[in-house]
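Source file model_38.csv; content: CSV, C-alpha atoms and all ligand atoms.
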chain,number,residue,atom,x,y,z
A,1218,MET,CA,149.2,135.9,-10.4
A,1219,ARG,CA,146.8,135.2,-7.6
A,1220,THR,CA,147.8,132.5,-5.1
A,1221,LEU,CA,145.6,131.1,-2.4
A,1222,ILE,CA,147.2,129.3,0.6
A,1223,TYR,CA,144.5,127.6,2.7
A,1224,ASN,CA,144.2,125.2,5.6
A,1225,VAL,CA,146.9,126.9,7.6
A,1226,LYS,CA,147.3,128.1,11.2
A,1227,LEU,CA,148.0,131.8,11.0
A,1228,VAL,CA,150.7,132.8,13.5
A,1229,GLU,CA,150.4,136.5,14.4
A,1230,ALA,CA,151.6,138.6,17.3
A,1231,ASP,CA,148.2,138.4,19.1
A,1232,GLY,CA,147.5,134.7,18.6
A,1233,ILE,CA,147.2,131.7,16.4
A,1234,THR,CA,144.2,131.3,14.1
A,1235,GLU,CA,143.2,127.7,13.1
A,1236,ASN,CA,141.9,127.1,9.6
A,1237,GLY,CA,143.1,130.4,8.1
A,1238,ALA,CA,143.8,131.2,4.5
A,1239,ILE,CA,145.7,133.9,2.7
A,1240,LEU,CA,145.4,135.4,-0.7
A,1241,LEU,CA,148.5,136.8,-2.4
A,1242,GLN,CA,148.4,139.0,-5.5
A,1243,ASP,CA,151.0,141.1,-7.4
A,1244,GLY,CA,153.5,140.8,-4.6
A,1245,LYS,CA,151.1,141.9,-1.9
A,1246,ILE,CA,148.8,140.2,0.6
A,1247,GLU,CA,145.4,140.8,-0.8
A,1248,TYR,CA,143.3,139.2,1.8
A,1249,VAL,CA,143.6,137.2,5.1
A,1250,SER,CA,140.8,134.9,6.1
A,1251,ARG,CA,140.6,134.2,9.8
A,1252,ASP,CA,137.2,132.4,10.0
A,1253,GLY,CA,137.7,129.6,7.5
A,1254,ALA,CA,134.4,130.4,5.8
A,1255,VAL,CA,135.0,133.1,3.2
A,1256,ILE,CA,134.1,132.9,-0.5
A,1257,LEU,CA,137.3,133.7,-2.3
A,1258,PRO,CA,137.6,135.0,-5.9
A,1259,ALA,CA,139.0,133.0,-8.7
A,1260,VAL,CA,142.7,132.2,-8.2
A,1261,ASP,CA,145.5,131.0,-10.5
A,1262,GLU,CA,147.0,128.7,-7.9
A,1263,SER,CA,145.6,127.1,-4.8
A,1264,ILE,CA,147.8,125.5,-2.2
A,1265,ASP,CA,146.7,123.2,0.7
A,1266,GLY,CA,148.8,124.2,3.7
A,1267,GLU,CA,148.0,120.8,5.3
A,1268,GLY,CA,147.3,122.4,8.7
A,1269,LYS,CA,150.8,123.8,9.0
A,1270,TYR,CA,151.7,127.2,10.5
A,1271,LEU,CA,151.9,130.2,8.2
A,1272,SER,CA,153.5,133.5,9.4
A,1273,ALA,CA,155.0,136.6,8.0
A,1274,GLY,CA,158.5,135.9,6.6
A,1275,PHE,CA,161.5,136.3,8.9
A,1276,ILE,CA,163.5,139.5,8.8
A,1277,ASP,CA,167.2,139.1,9.8
A,1278,ILE,CA,168.9,142.4,10.5
A,1279,HIS,CA,172.3,141.1,11.6
A,1280,VAL,CA,173.8,138.5,9.3
A,1281,HIS,CA,177.2,138.2,7.7
A,1282,GLY,CA,176.8,135.3,5.4
A,1283,GLY,CA,175.8,131.7,4.8
A,1284,GLY,CA,176.0,128.9,2.3
A,1285,GLY,CA,179.8,129.3,2.1
A,1286,HIS,CA,179.6,133.0,1.3
A,1287,ASP,CA,180.3,136.2,3.3
A,1288,PHE,CA,178.9,139.5,2.3
A,1289,MET,CA,182.4,140.9,2.6
A,1290,ASP,CA,183.4,138.8,-0.4
A,1291,ALA,CA,181.6,141.7,-2.2
A,1292,THR,CA,180.6,139.7,-5.2
A,1293,GLU,CA,177.1,139.2,-6.6
A,1294,GLU,CA,177.6,135.5,-6.4
A,1295,ALA,CA,178.4,135.8,-2.6
A,1296,PHE,CA,175.3,138.0,-2.0
A,1297,VAL,CA,173.0,135.7,-3.9
A,1298,GLY,CA,174.4,132.5,-2.4
A,1299,ALA,CA,174.2,133.8,1.2
A,1300,MET,CA,170.7,135.2,0.7
A,1301,ALA,CA,169.5,132.0,-0.9
A,1302,ALA,CA,170.9,129.9,1.9
A,1303,HIS,CA,169.0,131.9,4.5
A,1304,MET,CA,165.8,132.0,2.4
A,1305,LYS,CA,165.6,128.2,2.6
A,1306,HIS,CA,165.2,128.7,6.4
A,1307,GLY,CA,162.5,131.3,6.2
A,1308,THR,CA,164.3,134.6,5.8
A,1309,THR,CA,162.4,136.8,3.4
A,1310,SER,CA,164.0,140.2,4.2
A,1311,ILE,CA,167.7,140.6,5.0
A,1312,VAL,CA,170.1,143.3,6.2
A,1313,PRO,CA,173.6,142.1,5.1
A,1314,THR,CA,176.1,143.0,7.8
A,1315,THR,CA,179.7,144.1,7.2
A,1316,LEU,CA,182.7,143.6,9.5
A,1317,THR,CA,185.2,146.2,10.5
A,1318,ALA,CA,187.3,146.7,7.4
A,1319,GLU,CA,189.2,149.2,5.3
A,1320,ASP,CA,187.0,151.9,3.6
A,1321,GLU,CA,187.8,150.5,0.2
A,1322,GLU,CA,186.5,147.1,1.1
A,1323,LEU,CA,183.3,148.6,2.5
A,1324,ARG,CA,182.8,150.6,-0.7
A,1325,GLU,CA,183.0,147.4,-2.7
A,1326,VAL,CA,180.3,145.8,-0.5
A,1327,PHE,CA,178.1,148.9,-1.0
A,1328,ALA,CA,178.5,148.8,-4.8
A,1329,THR,CA,177.7,145.0,-4.8
A,1330,ALA,CA,174.6,145.5,-2.7
A,1331,ARG,CA,173.4,148.1,-5.2
A,1332,ARG,CA,174.0,145.8,-8.1
A,1333,VAL,CA,172.2,142.9,-6.4
A,1334,LYS,CA,169.2,145.0,-5.5
A,1335,SER,CA,168.7,146.0,-9.1
A,1336,SER,CA,169.5,142.6,-10.6
A,1337,ALA,CA,167.1,140.1,-12.2
A,1338,SER,CA,167.8,137.6,-9.4
A,1339,ALA,CA,166.5,140.0,-6.7
A,1340,GLU,CA,162.9,139.0,-7.2
A,1341,SER,CA,163.7,135.4,-6.2
A,1342,LEU,CA,165.6,136.3,-3.1
A,1343,PRO,CA,164.9,137.8,0.3
A,1344,GLU,CA,164.5,141.6,0.0
A,1345,LEU,CA,167.7,143.5,0.7
A,1346,LEU,CA,166.4,146.2,2.9
A,1347,GLY,CA,169.7,148.0,3.5
A,1348,LEU,CA,173.1,147.3,5.1
A,1349,HIS,CA,174.1,146.9,8.7
A,1350,LEU,CA,177.6,148.3,9.4
A,1351,GLU,CA,179.3,146.6,12.4
A,1352,GLY,CA,182.2,148.9,13.0
A,1353,PRO,CA,184.7,150.3,12.2
A,1354,TYR,CA,184.0,152.5,15.3
A,1355,VAL,CA,184.2,149.9,18.0
A,1356,GLU,CA,186.1,149.6,21.3
A,1357,PRO,CA,189.3,147.6,20.7
A,1358,SER,CA,188.9,145.7,24.1
A,1359,MET,CA,185.4,144.6,22.9
A,1360,ALA,CA,186.4,143.8,19.4
A,1361,GLY,CA,185.3,140.1,19.6
A,1362,ALA,CA,185.6,138.8,16.1
A,1363,GLN,CA,186.2,142.2,14.5
A,1364,ASP,CA,189.7,142.5,13.1
A,1365,PRO,CA,191.5,145.1,15.4
A,1366,LYS,CA,193.7,146.3,12.5
A,1367,TYR,CA,190.8,148.2,10.9
A,1368,ILE,CA,189.2,149.8,14.1
A,1369,LYS,CA,188.8,153.6,14.0
A,1370,VAL,CA,187.4,156.4,16.1
A,1371,PRO,CA,184.5,158.5,14.9
A,1372,SER,CA,186.3,161.8,15.7
A,1373,ASP,CA,188.6,161.1,12.7
A,1374,GLY,CA,185.6,162.2,10.6
A,1375,SER,CA,186.0,159.2,8.2
A,1376,TRP,CA,182.3,158.3,8.7
A,1377,ARG,CA,181.3,161.1,6.3
A,1378,GLY,CA,183.0,159.3,3.5
A,1379,ILE,CA,181.3,156.0,4.5
A,1380,VAL,CA,177.8,157.5,4.6
A,1381,GLU,CA,178.4,159.1,1.2
A,1382,ALA,CA,179.7,155.9,-0.3
A,1383,ALA,CA,176.7,153.9,1.0
A,1384,GLN,CA,174.3,156.1,-1.0
A,1385,GLY,CA,171.3,155.7,1.3
A,1386,ASP,CA,171.7,152.0,1.8
A,1387,LEU,CA,173.1,152.3,5.3
A,1388,LEU,CA,170.3,151.1,7.5
A,1389,ILE,CA,171.8,150.1,10.9
A,1390,TRP,CA,175.1,151.2,12.3
A,1391,THR,CA,176.7,149.4,15.3
A,1392,VAL,CA,178.9,151.9,17.1
A,1393,ALA,CA,180.5,151.9,20.5
A,1394,PRO,CA,178.8,155.1,21.8
A,1395,GLU,CA,181.5,156.0,24.4
A,1396,LEU,CA,184.1,156.6,21.6
A,1397,ASP,CA,185.4,160.1,20.9
A,1398,GLY,CA,183.1,161.7,18.4
A,1399,ALA,CA,180.3,159.1,18.6
A,1400,ASP,CA,177.8,161.6,19.9
A,1401,GLU,CA,178.5,163.9,17.1
A,1402,LEU,CA,178.2,161.1,14.6
A,1403,ALA,CA,174.7,160.1,15.9
A,1404,ASP,CA,173.7,163.8,16.1
A,1405,ALA,CA,174.7,164.5,12.6
A,1406,LEU,CA,172.7,161.6,11.2
A,1407,ARG,CA,169.7,161.9,13.5
A,1408,ASP,CA,167.3,162.6,10.7
A,1409,SER,CA,168.9,160.3,8.1
A,1410,GLY,CA,166.9,157.2,9.0
A,1411,ILE,CA,170.0,155.3,10.1
A,1412,ILE,CA,169.3,153.2,13.2
A,1413,PHE,CA,172.1,153.4,15.8
A,1414,SER,CA,172.9,150.3,17.7
A,1415,ALA,CA,175.3,150.3,20.7
A,1416,GLY,CA,177.7,147.4,20.5
A,1417,HIS,CA,181.3,146.2,20.7
A,1418,SER,CA,181.4,148.7,23.5
A,1419,ALA,CA,182.8,149.3,26.9
A,1420,ALA,CA,180.3,152.1,27.6
A,1421,LYS,CA,179.4,152.9,31.2
A,1422,TYR,CA,175.8,153.5,32.3
A,1423,ASP,CA,176.1,157.3,31.8
A,1424,ASP,CA,177.5,156.8,28.3
A,1425,VAL,CA,174.5,154.7,27.3
A,1426,CYS,CA,172.1,157.3,28.7
A,1427,ARG,CA,173.8,159.9,26.6
A,1428,ALA,CA,173.6,157.6,23.6
A,1429,ILE,CA,169.9,157.2,24.1
A,1430,ASP,CA,169.6,161.0,24.1
A,1431,ALA,CA,171.6,161.1,20.9
A,1432,GLY,CA,169.1,158.7,19.3
A,1433,TYR,CA,170.4,155.1,19.8
A,1434,THR,CA,167.5,152.7,19.8
A,1435,MET,CA,169.2,149.3,19.7
A,1436,ALA,CA,172.0,147.3,21.2
A,1437,THR,CA,174.0,144.8,19.2
A,1438,HIS,CA,174.0,141.1,20.2
A,1439,LEU,CA,173.1,141.6,23.8
A,1440,TYR,CA,175.6,140.1,26.3
A,1441,SER,CA,178.3,139.6,23.5
A,1442,SER,CA,181.2,142.0,23.3
A,1443,MET,CA,179.6,144.6,25.6
A,1444,SER,CA,180.3,146.1,29.1
A,1445,THR,CA,178.6,144.9,32.2
A,1446,ILE,CA,179.0,146.0,35.9
A,1447,ILE,CA,182.4,147.1,37.0
A,1448,ARG,CA,183.5,148.4,40.3
A,1449,GLU,CA,185.1,151.8,40.7
A,1450,ASN,CA,186.5,152.5,44.2
A,1451,GLY,CA,184.1,149.9,45.5
A,1452,TYR,CA,181.0,151.4,43.8
A,1453,ARG,CA,179.2,149.4,41.2
A,1454,VAL,CA,178.9,151.0,37.8
A,1455,PRO,CA,176.5,149.3,35.4
A,1456,GLY,CA,177.4,148.9,31.7
A,1457,LEU,CA,175.7,148.6,28.3
A,1458,LEU,CA,174.2,145.3,29.3
A,1459,GLU,CA,172.3,146.6,32.3
A,1460,ALA,CA,171.4,149.9,30.6
A,1461,SER,CA,169.9,147.9,27.6
A,1462,LEU,CA,167.9,145.7,29.9
A,1463,LEU,CA,166.6,148.6,31.9
A,1464,HIS,CA,165.8,151.2,29.3
A,1465,ASP,CA,162.7,150.7,27.1
A,1466,GLU,CA,164.2,153.0,24.4
A,1467,ILE,CA,166.7,150.2,23.6
A,1468,CYS,CA,165.4,147.1,21.7
A,1469,PRO,CA,168.4,144.7,21.8
A,1470,GLU,CA,169.4,142.1,19.2
A,1471,VAL,CA,169.5,138.6,20.6
A,1472,ILE,CA,171.5,135.8,19.0
A,1473,ALA,CA,169.1,133.0,19.9
A,1474,ASP,CA,171.1,130.1,18.5
A,1475,GLY,CA,171.0,128.4,21.8
A,1476,LEU,CA,174.8,128.5,22.2
A,1477,HIS,CA,175.8,132.2,22.4
A,1478,LEU,CA,173.4,132.5,25.3
A,1479,PRO,CA,172.1,129.7,27.5
A,1480,PRO,CA,168.3,129.3,28.0
A,1481,SER,CA,168.5,131.0,31.4
A,1482,LEU,CA,169.7,134.2,29.8
A,1483,LEU,CA,167.2,134.0,26.9
A,1484,LYS,CA,164.5,133.7,29.6
A,1485,LEU,CA,166.0,136.6,31.5
A,1486,ILE,CA,166.0,138.9,28.5
A,1487,TYR,CA,162.4,137.9,27.7
A,1488,LYS,CA,161.3,138.5,31.2
A,1489,THR,CA,163.0,141.9,31.4
A,1490,LYS,CA,162.4,143.3,27.9
A,1491,GLY,CA,159.2,141.6,27.1
A,1492,LYS,CA,157.9,140.2,23.8
A,1493,ASP,CA,157.9,143.6,22.0
A,1494,ARG,CA,161.3,144.9,22.9
A,1495,MET,CA,163.7,142.3,21.5
A,1496,VAL,CA,164.8,141.2,18.1
A,1497,LEU,CA,166.2,137.8,17.2
A,1498,VAL,CA,169.2,137.8,14.8
A,1499,THR,CA,171.4,135.0,13.5
A,1500,ASP,CA,174.7,137.0,13.3
A,1501,ALA,CA,175.5,134.1,10.9
A,1502,MET,CA,178.9,133.8,9.1
A,1503,ARG,CA,179.6,131.9,5.9
A,1504,GLY,CA,179.4,128.5,7.6
A,1505,ALA,CA,175.6,128.8,8.1
A,1506,GLY,CA,173.8,126.1,6.2
A,1507,MET,CA,177.1,124.3,5.5
A,1508,PRO,CA,179.0,121.3,7.0
A,1509,ASP,CA,181.5,121.7,9.9
A,1510,GLY,CA,185.0,122.7,8.9
A,1511,GLU,CA,187.4,125.6,8.5
A,1512,TYR,CA,186.0,128.9,7.1
A,1513,LEU,CA,187.1,132.5,6.7
A,1514,LEU,CA,185.4,135.1,8.7
A,1515,GLY,CA,185.3,138.2,6.5
A,1516,SER,CA,186.4,138.5,2.9
A,1517,LEU,CA,188.2,135.8,1.0
A,1518,SER,CA,191.3,137.9,0.7
A,1519,LYS,CA,191.4,139.4,4.2
A,1520,GLY,CA,189.3,137.2,6.3
A,1521,GLN,CA,190.4,135.4,9.5
A,1522,LYS,CA,190.4,131.6,9.8
A,1523,VAL,CA,187.7,130.2,12.1
A,1524,TYR,CA,186.5,126.7,12.8
A,1525,VAL,CA,182.9,125.6,12.7
A,1526,PHE,CA,181.9,122.6,14.9
A,1527,ASP,CA,179.2,121.8,17.5
A,1528,GLY,CA,176.8,124.2,15.8
A,1529,ILE,CA,178.9,127.3,16.2
A,1530,ALA,CA,181.9,129.2,14.7
A,1531,HIS,CA,185.0,129.3,17.0
A,1532,MET,CA,187.9,131.8,16.9
A,1533,PRO,CA,191.3,130.0,16.7
A,1534,ASP,CA,192.0,130.9,20.4
A,1535,GLY,CA,189.2,128.4,21.2
A,1536,ILE,CA,187.8,130.9,23.7
A,1537,SER,CA,185.6,133.3,21.7
A,1538,PHE,CA,182.9,132.8,19.2
A,1539,ALA,CA,183.3,134.0,15.6
A,1540,GLY,CA,179.6,134.5,14.9
A,1541,SER,CA,176.9,131.8,14.6
A,1542,VAL,CA,175.9,129.3,11.9
A,1543,ALA,CA,172.3,129.8,12.8
A,1544,THR,CA,169.4,130.3,10.5
A,1545,ALA,CA,166.1,132.0,11.3
A,1546,ASP,CA,164.1,128.8,11.8
A,1547,ARG,CA,166.7,127.7,14.4
A,1548,LEU,CA,166.1,130.9,16.4
A,1549,VAL,CA,162.4,130.2,16.6
A,1550,ARG,CA,163.1,126.6,17.6
A,1551,VAL,CA,165.5,127.6,20.4
A,1552,MET,CA,163.2,130.4,21.8
A,1553,THR,CA,160.1,128.1,21.9
A,1554,ARG,CA,161.8,124.9,23.0
A,1555,GLN,CA,164.7,126.0,25.2
A,1556,ALA,CA,163.5,129.4,26.5
A,1557,GLY,CA,159.8,128.4,26.8
A,1558,VAL,CA,158.6,131.4,24.8
A,1559,PRO,CA,155.2,131.1,23.0
A,1560,LEU,CA,155.5,130.6,19.3
A,1561,THR,CA,153.6,133.8,18.6
A,1562,ASP,CA,156.2,135.8,20.6
A,1563,ALA,CA,159.2,134.1,19.0
A,1564,VAL,CA,157.8,134.8,15.5
A,1565,ALA,CA,157.1,138.4,16.5
A,1566,MET,CA,160.7,138.8,17.4
A,1567,LEU,CA,161.7,138.0,13.8
A,1568,THR,CA,158.8,139.8,12.1
A,1569,VAL,CA,156.8,142.6,13.7
A,1570,ASN,CA,159.7,143.7,16.0
A,1571,PRO,CA,162.5,144.0,13.5
A,1572,ALA,CA,160.1,145.6,10.9
A,1573,ARG,CA,159.2,148.3,13.5
A,1574,GLU,CA,162.8,148.9,14.6
A,1575,ILE,CA,164.1,149.5,11.0
A,1576,GLY,CA,161.1,151.6,10.0
A,1577,ALA,CA,159.5,149.0,7.7
A,1578,SER,CA,156.3,148.3,9.7
A,1579,ASP,CA,154.1,149.8,7.0
A,1580,ARG,CA,154.8,146.9,4.7
A,1581,LYS,CA,156.7,144.1,6.4
A,1582,GLY,CA,156.3,141.8,9.4
A,1583,LYS,CA,152.5,141.3,9.4
A,1584,LEU,CA,149.9,139.2,7.7
A,1585,GLU,CA,147.7,142.1,6.6
A,1586,ALA,CA,146.1,143.2,3.4
A,1587,GLY,CA,148.4,145.6,1.6
A,1588,TYR,CA,151.5,144.2,3.2
A,1589,ASP,CA,154.3,142.6,1.1
A,1590,ALA,CA,153.5,139.0,0.4
A,1591,ASP,CA,156.4,137.6,2.3
A,1592,VAL,CA,155.2,134.5,4.1
A,1593,VAL,CA,156.6,131.2,5.4
A,1594,LEU,CA,155.0,127.8,6.0
A,1595,PHE,CA,156.4,125.5,8.7
A,1596,ASP,CA,155.5,122.6,10.9
A,1597,ASP,CA,155.7,121.9,14.6
A,1598,ASP,CA,159.5,121.4,14.4
A,1599,ILE,CA,159.8,124.8,12.7
A,1600,THR,CA,160.9,123.0,9.5
A,1601,ILE,CA,160.3,125.3,6.6
A,1602,SER,CA,158.3,123.8,3.8
A,1603,GLY,CA,157.3,126.9,1.8
A,1604,VAL,CA,158.6,130.5,1.3
A,1605,TRP,CA,157.1,133.3,-0.7
A,1606,CYS,CA,159.1,136.5,-1.3
A,1607,ARG,CA,156.8,139.3,-2.5
A,1608,GLY,CA,154.3,136.8,-3.7
A,1609,LYS,CA,156.7,134.6,-5.5
A,1610,ARG,CA,157.2,131.0,-4.2
A,1611,THR,CA,161.0,130.6,-3.8
A,1612,VAL,CA,161.2,127.5,-1.6
B,1,ZN,ZN,178.1,140.5,13.6
Go through the file and emit its structure as structure tokens.
Amino acid sequence: MRTLIYNVKLVEADGITENGAILLQDGKIEYVSRDGAVILPAVDESIDGEGKYLSAGFIDIHVHGGGGHDFMDATEEAFVGAMAAHMKHGTTSIVPTTLTAEDEELREVFATARRVKSSASAESLPELLGLHLEGPYVEPSMAGAQDPKYIKVPSDGSWRGIVEAAQGDLLIWTVAPELDGADELADALRDSGIIFSAGHSAAKYDDVCRAIDAGYTMATHLYSSMSTIIRENGYRVPGLLEASLLHDEICPEVIADGLHLPPSLLKLIYKTKGKDRMVLVTDAMRGAGMPDGEYLLGSLSKGQKVYVFDGIAHMPDGISFAGSVATADRLVRVMTRQAGVPLTDAVAMLTVNPAREIGASDRKGKLEAGYDADVVLFDDDITISGVWCRGKRTV
């Protein structure tokens, strides 16, 4: 199957090309035309992009659910439902994210992820690139929406069993790097390909420097559930927030739903980190793509009740947030409209940047021949009108 999409504005990290075209074949990008005047071979299907934008598909590396489902439900139906809900909004690659939970619950999620990856429905869904474990090694005072009942410390050694049970699907691990045994954990897995992200953490500046030496390359949802400046005997001590902004080694996740962080902070992160060193994530829970109402955060059996209204999920205390209900298209909309970031940069933060951070930049995140044919078509309002996952039109 050879598909041509023509009459599109190609959105790439280095600019927007008018009157572009792209040829998809056998799940890969075969050819990208940037001058509008190329003779193309015979195609099976030819689609007029009507002058809309076409970019690489969005990669969401921190997402708990959507469409009424949470990945912690650990059923194929939940995985497929949540992935399909995000796909409608431009996500073509996904890293389902777990909550702090009992080992047994995590094992069920791992087993379900393996079944979904090898199921027949996988080819009509965003690609499941691996799993993001948020916890259970987090700092209790920074738990946020993580259930404190299941929090552990790495020095108990339980991580060995988790890594084994994940059977190579563990892609990102959010850990509070100041915890007892966290350095050993990162050291032991240094060559495993697992990306360590500092988060739900009360780390002081020196702890973060040590974590960077131990191989941490990301910070989980910058500003949320992380330490900032404290004063010790009058002296100011920076925290994970300042260390993440300062150190180029750290590429932070940013929940750009427009509610977790006001436009001023989105602008500050962009100004400090630059277009290449930040990744947009939804951190969406099961209420994403659903009407307002009461939802469970976490699994159906053990989840906590949360309330979705005004475009965000609230904890019952009414003070903290319980994750977002954002989808990838909304992140691009917020970054361009509210934070004043160019479209090319906002798209890079959901394509090139996450692909690089998770080690998938050889096949994801760019419009280039030989890359996976994951592309999205959208208009000036970032309303998605077409999605191709590995060459197959799915929206
Ligand atoms: Zn999360």
What does the list of residues within 8 Å of ligand ZN 1 (chain B) look like if you count only C-alpha atoms and all ligand atoms, written as a list in words?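 The neighbouring residues of ligand ZN 1 (chain B) are, in order, His1279, Val1280, His1281, Thr1314, Thr1315, Leu1316, Glu1351, His1438, Asp1500, Ala1501 and Gly1540 of chain A.
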Which residues of segment 1252-1343 of chain A have any atom within 10 Å of an atom in segment 1377-1395 of chain A when counting only C-alpha atoms, and what is the closest pair of atoms for each, with the distance in Å to one decimal? Order the rows by chain and rising number and write it as a tab-separated table.
residue	atom	partner	partner_atom	distance
A:Ile1278	CA	A:Ile1389	CA	8.2
A:His1279	CA	A:Ile1389	CA	9.0
A:Val1312	CA	A:Leu1388	CA	7.9
A:Pro1313	CA	A:Leu1388	CA	9.9
A:Thr1314	CA	A:Ile1389	CA	8.9
A:Thr1315	CA	A:Trp1390	CA	9.9
A:Asp1320	CA	A:Ile1379	CA	7.1
A:Glu1321	CA	A:Ile1379	CA	9.5
A:Leu1323	CA	A:Ile1379	CA	7.9
A:Arg1324	CA	A:Ala1382	CA	6.2
A:Glu1325	CA	A:Ala1382	CA	9.4
A:Val1326	CA	A:Ala1383	CA	9.0
A:Phe1327	CA	A:Ala1383	CA	5.6
A:Ala1328	CA	A:Ala1383	CA	7.9
A:Ala1330	CA	A:Asp1386	CA	8.4
A:Arg1331	CA	A:Asp1386	CA	8.2
Can you tell me, as an MDAnalysis selection string, what residues are no more than 10 Å from segment 1424-1431 of chain A when counting all atoms listed in the file, ignoring any on the same chain fewer than 3 positions away? chainID A and resid 1393:1396 1399:1407 1413:1415 1418:1421 1434:1436 1455:1461 1464 1466:1467
For Met1552 of chain A, which of A:Ile1411, A:Ile1368, A:Ala1318, A:Leu1567 is the closest residue, counting all atoms listed in the file?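 Looking at the shortest contact to Met1552 of chain A, the residue is A:Leu1567.
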Using only C-alpha atoms: which of A:Asp1290, A:Phe1595, A:Ala1299, A:Glu1585 has the shortest distance to Ser1250 of chain A: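 Of A:Asp1290, A:Phe1595, A:Ala1299, A:Glu1585, the one nearest Ser1250 of chain A is A:Glu1585, counting only C-alpha atoms.
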Report, in Å with one decimal, the straight-line distance from atom CA of Trp1605 of chain A to atom CA of Gly1274 of chain A.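 So the two atoms, atom CA of Trp1605 of chain A and atom CA of Gly1274 of chain A, lie 7.9 Å apart.
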Check the smallest atom-to-atom distance from each of A:Ile1575, A:Leu1342, A:Val1333, A:Val1355 to Ala1301 of chain A using all atoms listed in the file, then report the winner.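 Closest to Ala1301 of chain A of all the choices is A:Leu1342.
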Using 12 Å as the limit and counting all atoms listed in the file, can you tabulate each residue of segment 1301-1395 of chain A that touches segment 1505-1511 of chain A, with its shortest atom-to-atom distance in Å and the two atoms involved, as a Markdown table?
| residue | atom | partner | partner_atom | distance |
| --- | --- | --- | --- | --- |
| A:Ala1301 | CA | A:Gly1506 | CA | 10.2 |
| A:Ala1302 | CA | A:Gly1506 | CA | 6.4 |
| A:His1303 | CA | A:Gly1506 | CA | 7.7 |
| A:Met1304 | CA | A:Gly1506 | CA | 10.6 |
| A:Lys1305 | CA | A:Gly1506 | CA | 9.2 |
| A:His1306 | CA | A:Gly1506 | CA | 9.0 |
For each of A:Met1300, A:Val1496, A:Ile1472, A:Leu1462, take the minimum atom-to-atom distance to Glu1574 of chain A, counting all atoms listed in the file, then give the residue where this is smallest.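 The shortest atom-to-atom distance to Glu1574 of chain A comes from A:Val1496.
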Have a look at atom CA of Glu1262 of chain A and atom CA of Ala1586 of chain A and let me know their distance in Å, one decimal. 18.4 Å
Shell of 10 Å around Val1558 of chain A, all atoms listed in the file, local chain residues under 5 positions omitted, as a ChimeraX atom specification: /A:1483-1484,1487-1488,1492,1549-1553,1563-1564
From the list A:Gly1475, A:Gly1282, A:Pro1371, A:Gly1244, which residue is nearest Arg1219 of chain A when using only C-alpha atoms?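 Once distances to Arg1219 of chain A are computed over only C-alpha atoms, the minimum belongs to A:Gly1244.
With all atoms listed in the file as the atoms that count, the residue of A:Gly1432, A:Gly1528, A:Gly1283, A:Pro1533 with the shortest distance to Asp1474 of chain A is A:Gly1528.
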With only C-alpha atoms as the counted atoms, please give the residues lying no more than 9 Å from Tyr1512 of chain A, apart from itself and same-chain residues fewer than 6 positions off, as a PyMOL selection string. chain A and resi 1285+1502-1504+1520-1525+1530
